[in-house]
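Structure file input33.tsv (TSV, C-alpha atoms) follows.
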```
chain	number	residue	atom	x	y	z
F	9	ASP	CA	2.51	-13.50	-3.95
F	10	GLY	CA	2.21	-10.48	-6.20
F	11	TYR	CA	3.17	-6.91	-7.02
F	12	ILE	CA	1.85	-3.46	-6.15
F	13	PRO	CA	3.55	-1.00	-8.52
F	14	CYS	CA	3.26	2.76	-8.04
F	15	LEU	CA	2.44	2.68	-4.34
F	16	THR	CA	4.41	4.68	-1.77
F	17	SER	CA	7.78	2.88	-1.97
F	18	GLY	CA	7.62	3.44	-5.73
F	19	GLU	CA	7.01	7.16	-5.20
F	20	GLY	CA	3.60	6.71	-6.75
F	21	TRP	CA	2.36	10.12	-5.60
F	22	ARG	CA	5.13	11.79	-7.63
F	23	LEU	CA	4.68	9.91	-10.91
F	24	GLU	CA	3.14	11.71	-13.85
F	25	ARG	CA	0.41	9.86	-15.73
F	26	ARG	CA	2.77	8.55	-18.44
F	27	ASP	CA	5.35	7.18	-16.00
F	28	TRP	CA	2.67	5.68	-13.78
F	29	LEU	CA	1.06	3.83	-16.67
F	30	ARG	CA	4.42	2.66	-18.05
F	31	MET	CA	5.39	1.25	-14.64
F	32	LEU	CA	2.09	-0.61	-14.42
F	33	GLU	CA	2.41	-1.96	-17.96
F	34	LEU	CA	5.97	-3.20	-17.35
F	35	THR	CA	4.90	-4.91	-14.13
F	36	LEU	CA	2.03	-6.65	-15.89
F	37	ALA	CA	4.35	-7.73	-18.70
F	38	HIS	CA	6.78	-9.42	-16.28
F	39	ALA	CA	4.47	-10.61	-13.49
F	40	GLN	CA	3.75	-13.99	-15.13
F	41	ASP	CA	0.98	-15.59	-13.04
F	42	LYS	CA	1.33	-13.26	-10.05
F	43	THR	CA	-1.35	-10.83	-8.93
F	44	VAL	CA	-0.79	-7.19	-9.90
F	45	ILE	CA	-2.54	-4.55	-7.78
F	46	ALA	CA	-2.15	-1.04	-9.16
F	47	GLY	CA	-1.23	1.50	-6.49
F	48	ILE	CA	-3.01	4.81	-6.96
F	49	GLU	CA	-1.87	7.84	-4.97
F	50	ARG	CA	-3.68	10.85	-6.34
F	51	ALA	CA	-5.02	13.89	-4.54
F	52	THR	CA	-8.68	13.85	-5.61
F	53	THR	CA	-11.48	11.37	-6.20
F	54	ALA	CA	-11.68	12.36	-9.86
F	55	GLU	CA	-7.99	11.57	-10.35
F	56	VAL	CA	-8.29	8.22	-8.58
F	57	VAL	CA	-11.23	7.29	-10.81
F	58	GLU	CA	-9.20	8.28	-13.89
F	59	TYR	CA	-6.26	6.12	-12.85
F	60	ALA	CA	-8.55	3.25	-11.81
F	61	LEU	CA	-9.99	3.15	-15.32
F	62	LEU	CA	-6.47	3.22	-16.76
F	63	ALA	CA	-5.55	0.29	-14.51
F	64	GLN	CA	-8.63	-1.62	-15.57
F	65	GLU	CA	-7.87	-1.08	-19.25
F	66	ALA	CA	-4.24	-2.10	-18.76
F	67	GLY	CA	-5.27	-5.41	-17.19
F	68	ALA	CA	-4.55	-4.90	-13.49
F	69	HIS	CA	-6.27	-7.35	-11.16
F	70	ALA	CA	-7.15	-4.78	-8.51
F	71	ILE	CA	-6.32	-1.30	-7.21
F	72	MET	CA	-5.12	-0.01	-3.84
F	73	PHE	CA	-5.56	3.63	-2.87
F	74	THR	CA	-5.82	6.02	0.04
F	75	SER	CA	-8.23	8.83	0.80
F	76	PRO	CA	-8.04	12.31	-0.80
F	77	PHE	CA	-4.98	14.40	0.06
F	78	ALA	CA	-6.76	16.94	2.20
F	79	PRO	CA	-6.34	17.44	5.95
F	80	GLY	CA	-9.74	17.88	7.54
F	81	THR	CA	-11.53	15.50	5.15
F	82	THR	CA	-14.53	14.11	7.02
F	83	GLN	CA	-15.16	10.43	7.49
F	84	GLU	CA	-18.32	10.73	5.40
F	85	GLN	CA	-16.28	12.23	2.55
F	86	ILE	CA	-13.77	9.40	2.80
F	87	ILE	CA	-16.53	6.78	2.58
F	88	GLU	CA	-18.05	8.57	-0.40
F	89	HIS	CA	-14.60	8.70	-2.05
F	90	TYR	CA	-14.31	4.92	-1.89
F	91	ARG	CA	-17.90	4.42	-2.95
F	92	GLU	CA	-17.45	6.59	-6.04
F	93	VAL	CA	-14.28	4.80	-7.11
F	94	HIS	CA	-15.93	1.44	-6.43
F	95	ASP	CA	-18.91	2.30	-8.60
F	96	SER	CA	-16.72	3.62	-11.42
F	97	THR	CA	-14.75	0.44	-12.07
F	98	SER	CA	-15.24	-3.33	-12.09
F	99	LEU	CA	-11.90	-3.97	-10.37
F	100	ASP	CA	-11.51	-5.29	-6.84
F	101	LEU	CA	-10.42	-2.64	-4.33
F	102	TYR	CA	-7.93	-2.58	-1.47
F	103	ILE	CA	-8.02	0.14	1.18
F	104	TYR	CA	-4.74	1.85	2.01
F	105	ASN	CA	-5.14	3.22	5.52
F	106	GLU	CA	-2.48	5.82	6.37
F	107	SER	CA	-2.15	9.47	7.30
F	108	ALA	CA	1.34	10.61	6.24
F	109	LEU	CA	0.42	11.08	2.57
F	110	SER	CA	-3.27	11.97	2.66
F	111	GLY	CA	-3.17	14.09	5.81
F	112	ASN	CA	-6.17	12.24	7.23
F	113	GLU	CA	-6.90	8.81	8.63
F	114	LYS	CA	-9.91	6.52	8.58
F	115	THR	CA	-11.62	5.66	11.84
F	116	PHE	CA	-12.27	1.99	12.53
F	117	GLU	CA	-15.99	2.57	11.88
F	118	THR	CA	-15.13	4.13	8.51
F	119	LEU	CA	-13.00	1.10	7.60
F	120	LEU	CA	-15.95	-1.16	8.39
F	121	ALA	CA	-18.28	0.99	6.28
F	122	ILE	CA	-15.90	0.92	3.31
F	123	GLY	CA	-15.52	-2.83	3.78
F	124	GLU	CA	-19.25	-3.27	3.18
F	125	LEU	CA	-18.81	-2.28	-0.47
F	126	PRO	CA	-19.04	-5.53	-2.49
F	127	ARG	CA	-15.63	-5.43	-4.22
F	128	VAL	CA	-13.53	-4.07	-1.37
F	129	ILE	CA	-11.57	-7.21	-0.54
F	130	GLY	CA	-8.54	-6.16	1.50
F	131	ILE	CA	-6.68	-3.51	3.45
F	132	LYS	CA	-3.09	-2.39	3.86
F	133	ASP	CA	-3.20	-0.98	7.37
F	134	SER	CA	-0.60	1.57	8.52
F	135	PRO	CA	-2.48	3.14	11.43
F	136	SER	CA	-1.09	5.87	13.68
F	137	GLU	CA	-2.48	4.04	16.72
F	138	PRO	CA	-1.86	0.31	17.32
F	139	ARG	CA	-4.47	-2.05	15.92
F	140	THR	CA	-5.88	-4.77	18.18
F	141	GLN	CA	-6.40	-8.38	17.12
F	142	ARG	CA	-10.09	-7.99	17.89
F	143	GLU	CA	-10.33	-5.12	15.38
F	144	ILE	CA	-8.47	-7.17	12.77
F	145	GLU	CA	-10.96	-10.01	13.22
F	146	ARG	CA	-13.86	-7.57	12.77
F	147	LEU	CA	-12.35	-6.41	9.47
F	148	ARG	CA	-11.84	-10.01	8.39
F	149	ALA	CA	-15.45	-10.75	9.25
F	150	GLU	CA	-16.40	-8.11	6.68
F	151	GLY	CA	-14.56	-10.17	4.07
F	152	LEU	CA	-11.33	-8.13	4.08
F	153	ASP	CA	-7.89	-9.69	3.85
F	154	TYR	CA	-5.79	-7.86	6.42
F	155	PHE	CA	-2.24	-6.84	5.46
F	156	ILE	CA	0.12	-5.30	8.00
F	157	GLY	CA	1.69	-2.09	6.71
F	158	TRP	CA	4.44	-1.49	9.30
F	159	GLU	CA	7.67	-3.54	9.38
F	160	MET	CA	8.01	-3.28	13.16
F	161	LEU	CA	4.77	-5.25	13.61
F	162	LEU	CA	5.86	-8.25	11.54
F	163	ALA	CA	6.25	-11.60	13.35
F	164	ARG	CA	5.03	-9.99	16.58
F	165	ASP	CA	1.60	-10.45	18.19
F	166	LEU	CA	-0.85	-9.72	15.37
F	167	GLU	CA	-2.34	-12.49	13.23
F	168	SER	CA	-2.82	-11.29	9.65
F	169	ASP	CA	-3.25	-12.47	6.08
F	170	GLY	CA	0.09	-11.01	5.00
F	171	ASN	CA	1.98	-7.77	4.81
F	172	VAL	CA	2.65	-4.93	2.38
F	173	VAL	CA	5.85	-3.27	3.56
F	174	SER	CA	8.90	-1.55	2.10
F	175	LEU	CA	11.19	-4.34	3.31
F	176	ALA	CA	9.44	-6.75	0.93
F	177	ASN	CA	11.24	-4.98	-1.94
F	178	LEU	CA	14.53	-6.15	-0.43
F	179	GLU	CA	13.79	-9.29	1.58
F	180	PRO	CA	10.59	-10.86	0.21
F	181	ALA	CA	11.29	-14.35	1.57
F	182	LEU	CA	11.78	-12.98	5.08
F	183	CYS	CA	8.57	-10.95	4.85
F	184	ARG	CA	6.69	-14.06	3.74
F	185	LEU	CA	8.10	-15.93	6.74
F	186	ALA	CA	7.02	-13.05	8.98
F	187	ILE	CA	3.33	-13.53	8.15
F	188	SER	CA	3.04	-15.91	11.09
F	189	ALA	CA	2.81	-14.20	14.47
F	190	ARG	CA	4.95	-14.66	17.58
F	191	GLN	CA	8.29	-15.44	15.96
F	192	GLN	CA	10.72	-13.53	18.14
F	193	PRO	CA	13.93	-14.34	16.17
F	194	VAL	CA	12.26	-13.32	12.89
F	195	GLY	CA	10.91	-10.12	14.43
F	196	GLU	CA	14.34	-9.25	15.78
F	197	MET	CA	15.94	-9.88	12.39
F	198	ILE	CA	13.42	-7.59	10.73
F	199	GLU	CA	14.05	-4.91	13.33
F	200	THR	CA	17.79	-5.12	12.63
F	201	LEU	CA	17.30	-4.89	8.85
F	202	ASN	CA	14.82	-2.05	9.28
F	203	GLY	CA	17.58	-0.07	10.97
F	204	TYR	CA	20.33	-1.20	8.61
F	205	PHE	CA	18.38	-0.11	5.51
F	206	ASP	CA	17.12	3.03	7.29
F	207	LEU	CA	13.51	2.31	6.40
F	208	GLY	CA	12.30	4.58	9.17
F	209	ALA	CA	13.76	7.64	7.43
F	210	ASP	CA	11.48	10.20	5.80
F	211	ASP	CA	12.95	9.18	2.43
F	212	TRP	CA	12.74	5.40	3.06
F	213	TYR	CA	11.99	4.89	-0.65
F	214	ALA	CA	15.40	6.39	-1.47
F	215	GLN	CA	17.03	3.90	0.89
F	216	VAL	CA	15.25	1.04	-0.89
F	217	LYS	CA	16.49	2.31	-4.26
F	218	LYS	CA	20.03	2.72	-2.96
F	219	GLU	CA	20.16	-0.90	-1.82
F	220	LEU	CA	18.56	-2.25	-5.01
F	221	LYS	CA	21.12	-0.38	-7.08
F	222	ALA	CA	23.95	-1.74	-4.93
F	223	ARG	CA	22.65	-5.25	-5.61
F	224	GLY	CA	22.48	-4.61	-9.34
F	225	VAL	CA	18.70	-4.96	-9.46
F	226	ILE	CA	18.12	-1.45	-10.81
F	227	SER	CA	20.48	0.78	-12.77
F	228	THR	CA	19.83	4.08	-11.00
F	229	ASP	CA	18.80	5.18	-7.54
F	230	LYS	CA	17.61	8.56	-8.71
F	231	VAL	CA	14.66	9.83	-6.70
F	232	PHE	CA	11.71	11.50	-8.40
F	233	ALA	CA	11.57	15.17	-7.49
F	234	GLU	CA	8.47	16.85	-6.20
F	235	LYS	CA	6.46	18.54	-8.94
F	236	GLY	CA	7.76	22.01	-9.61
F	237	SER	CA	11.20	21.43	-8.06
F	238	ALA	CA	14.49	21.13	-9.89
```
Render the structure in this file as structure tokens.
Amino acid sequence: DGYIPCLTSGEGWRLERRDWLRMLELTLAHAQDKTVIAGIERATTAEVVEYALLAQEAGAHAIMFTSPFAPGTTQEQIIEHYREVHDSTSLDLYIYNESALSGNEKTFETLLAIGELPRVIGIKDSPSEPRTQREIERLRAEGLDYFIGWEMLLARDLESDGNVVSLANLEPALCRLAISARQQPVGEMIETLNGYFDLGADDWYAQVKKELKARGVISTDKVFAEKGSA
């Protein structure tokens, strides 16, 4: 249904400002009538605001971002982070709930509080503890579209509005089919592909690039190095 450039599978946290903006601009140029949500993975609130304004100027339809990259960040600080970004831009916002990148995770109560902000309209949820259907319905009641963030949960028991997963870079039609819950054959197929493409590896994004290069979709599977490394 759309594109989210510069999020985790695109190594968004490693992209310098120029590369990040170029990736967003190219996506917008080729997206035709599809929705483009700019992924923002920056360490501080000030940086997220800066990139949000860049996304707004470039013509993105919305932004998706996580909390600051700081273990020990309080839930109040996370809520304030989203509020400040919300108030700094006119774009719609999507929550990215995770802990691997930011080093912290939002409680369910924090997600509900963020969801009360007028232009927060959805969530990519990659929680460390399983989400219940009752919790999903509470988030939906706040006006949030709920997107599953883990491949292994697709086509299983959870009803959702869609998914934002690494496998969608490789098998978008299958991931669309997997939106509906309780499809055992589809879930088993996804589990098999998840293992085949090694999407559970720490460098899952490198595995995605490797397969896309093998298919002739991209010309290089080079991985962006961490800042300061060779």
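Interatomic distance, CA of Gly170 in chain F against CA of Phe155 in chain F: 4.8 Å.
CA of Val44 in chain F is found 6.9 Å from CA of Ala70 in chain F.
The shortest atom-to-atom distance to Glu92 in chain F, with only C-alpha atoms taken into account, belongs to F:Leu125 out of F:Leu182, F:Val225, F:Leu125, F:Met160.
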Near-Ser17 in chain F list (9 Å; all atoms listed in the file; drop same-chain fewer than 6 positions) as a PDB file with C-alpha atoms, keeping the file's coordinate frame:
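Done, and the output landed in out.pdb:
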```pdb
ATOM      1  CA  VAL F 173       5.850  -3.270   3.560  1.00  0.00           C
ATOM      2  CA  SER F 174       8.900  -1.550   2.100  1.00  0.00           C
ATOM      3  CA  ASN F 177      11.240  -4.980  -1.940  1.00  0.00           C
ATOM      4  CA  TRP F 212      12.740   5.400   3.060  1.00  0.00           C
ATOM      5  CA  TYR F 213      11.990   4.890  -0.650  1.00  0.00           C
ATOM      6  CA  ALA F 214      15.400   6.390  -1.470  1.00  0.00           C
ATOM      7  CA  VAL F 216      15.250   1.040  -0.890  1.00  0.00           C
TER       8      VAL F 216
END
```
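Within 10 Å of Ile48 in chain F, once only C-alpha atoms are used and residues closer than 2 positions along the same chain are dropped, the contacting residues are Ile12, Pro13, Cys14, Leu15, Thr16, Gly20, Trp21, Trp28, Ile45, Ala46, Arg50, Ala51, Glu55, Val56, Val57, Glu58, Tyr59, Ala60, Ala63, Ile71, Met72, Phe73, Thr74 and Tyr104 of chain F.
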Output C-alpha atoms of each residue in that selection to a file, as a short mmCIF file (atom, residue, chain, number, x, y, z; two decimals), keeping the file's coordinate frame.
```
data_model
loop_
_atom_site.label_atom_id
_atom_site.label_comp_id
_atom_site.auth_asym_id
_atom_site.auth_seq_id
_atom_site.Cartn_x
_atom_site.Cartn_y
_atom_site.Cartn_z
CA ILE F 12 1.85 -3.46 -6.15
CA PRO F 13 3.55 -1.00 -8.52
CA CYS F 14 3.26 2.76 -8.04
CA LEU F 15 2.44 2.68 -4.34
CA THR F 16 4.41 4.68 -1.77
CA GLY F 20 3.60 6.71 -6.75
CA TRP F 21 2.36 10.12 -5.60
CA TRP F 28 2.67 5.68 -13.78
CA ILE F 45 -2.54 -4.55 -7.78
CA ALA F 46 -2.15 -1.04 -9.16
CA ARG F 50 -3.68 10.85 -6.34
CA ALA F 51 -5.02 13.89 -4.54
CA GLU F 55 -7.99 11.57 -10.35
CA VAL F 56 -8.29 8.22 -8.58
CA VAL F 57 -11.23 7.29 -10.81
CA GLU F 58 -9.20 8.28 -13.89
CA TYR F 59 -6.26 6.12 -12.85
CA ALA F 60 -8.55 3.25 -11.81
CA ALA F 63 -5.55 0.29 -14.51
CA ILE F 71 -6.32 -1.30 -7.21
CA MET F 72 -5.12 -0.01 -3.84
CA PHE F 73 -5.56 3.63 -2.87
CA THR F 74 -5.82 6.02 0.04
CA TYR F 104 -4.74 1.85 2.01
#
```
For the interface of range 91-178 of chain F with range 198-208 of chain F (cut-off 10 Å, counting all atoms listed in the file), please tabulate each contacting residue of range 91-178 of chain F alongside its nearest pair of atoms and their separation in Å to one decimal, rows sorted by chain and increasing number, as CSV.
```
residue,atom,partner,partner_atom,distance
F:Trp158,CA,F:Gly208,CA,9.9
F:Glu159,CA,F:Ile198,CA,7.2
F:Met160,CA,F:Glu199,CA,6.3
F:Leu161,CA,F:Glu199,CA,9.3
F:Leu162,CA,F:Ile198,CA,7.6
F:Ala163,CA,F:Ile198,CA,8.6
F:Val173,CA,F:Leu207,CA,9.9
F:Ser174,CA,F:Leu207,CA,7.4
F:Leu175,CA,F:Asn202,CA,7.4
F:Leu178,CA,F:Phe205,CA,9.3
```
Original post:
For Ala189 in chain F, which of F:Pro79, F:Val128, F:Gln141, F:Val172 is the closest residue, counting only C-alpha atoms?
Top reply: F:Gln141
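CA of Leu147 in chain F is positioned 24.0 Å from CA of Phe77 in chain F.
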Original post:
Can you list, as a ChimeraX atom specification, every protein, DNA or RNA residue that comes within 7 Å of Ile156 in chain F when you count all atoms listed in the file, leaving out same-chain residues fewer than 4 positions away?
Top reply: /F:132-134,168,170-172
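For the choices F:Glu234, F:Glu143, F:Asp165, F:Asp100, the atom-to-atom distance to Gly195 in chain F is smallest for F:Asp165 when using all atoms listed in the file.
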Original post:
Taking all atoms listed in the file into account, which of F:Ser188, F:Thr97, F:Gln64, F:Ser110 comes nearest Gly80 in chain F?
Top reply: F:Ser110
Would you compute, for all listed atoms of range 62-68 of chain F, the axis-aligned bounding box grown by 3 Å on each side, and then report its centre and edge lengths in Å rounded to one decimal, as lines of an AutoDock Vina configuration file?
```
center_x = -6.4
center_y = -1.1
center_z = -16.4
size_x = 10.4
size_y = 14.6
size_z = 11.8
```
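With distances restricted to only C-alpha atoms, F:Ala108 is the closest residue to Ser136 in chain F from F:Leu119, F:Ala176, F:Leu101, F:Ala108.
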Subject >> Contacts of Gly10 in chain F at 10 Å (only C-alpha atoms; same-chain gap of 4+ positions) as a list in words >> reply: Ala39, Gln40, Asp41, Lys42, Thr43, Val44 and Ile45 of chain F
Original post:
Neighbours of Asp169 in chain F within 7 Å (only C-alpha atoms; same-chain residues fewer than 2 positions away dropped), as a PyMOL selection string?
Top reply: chain F and resi 153-155+187
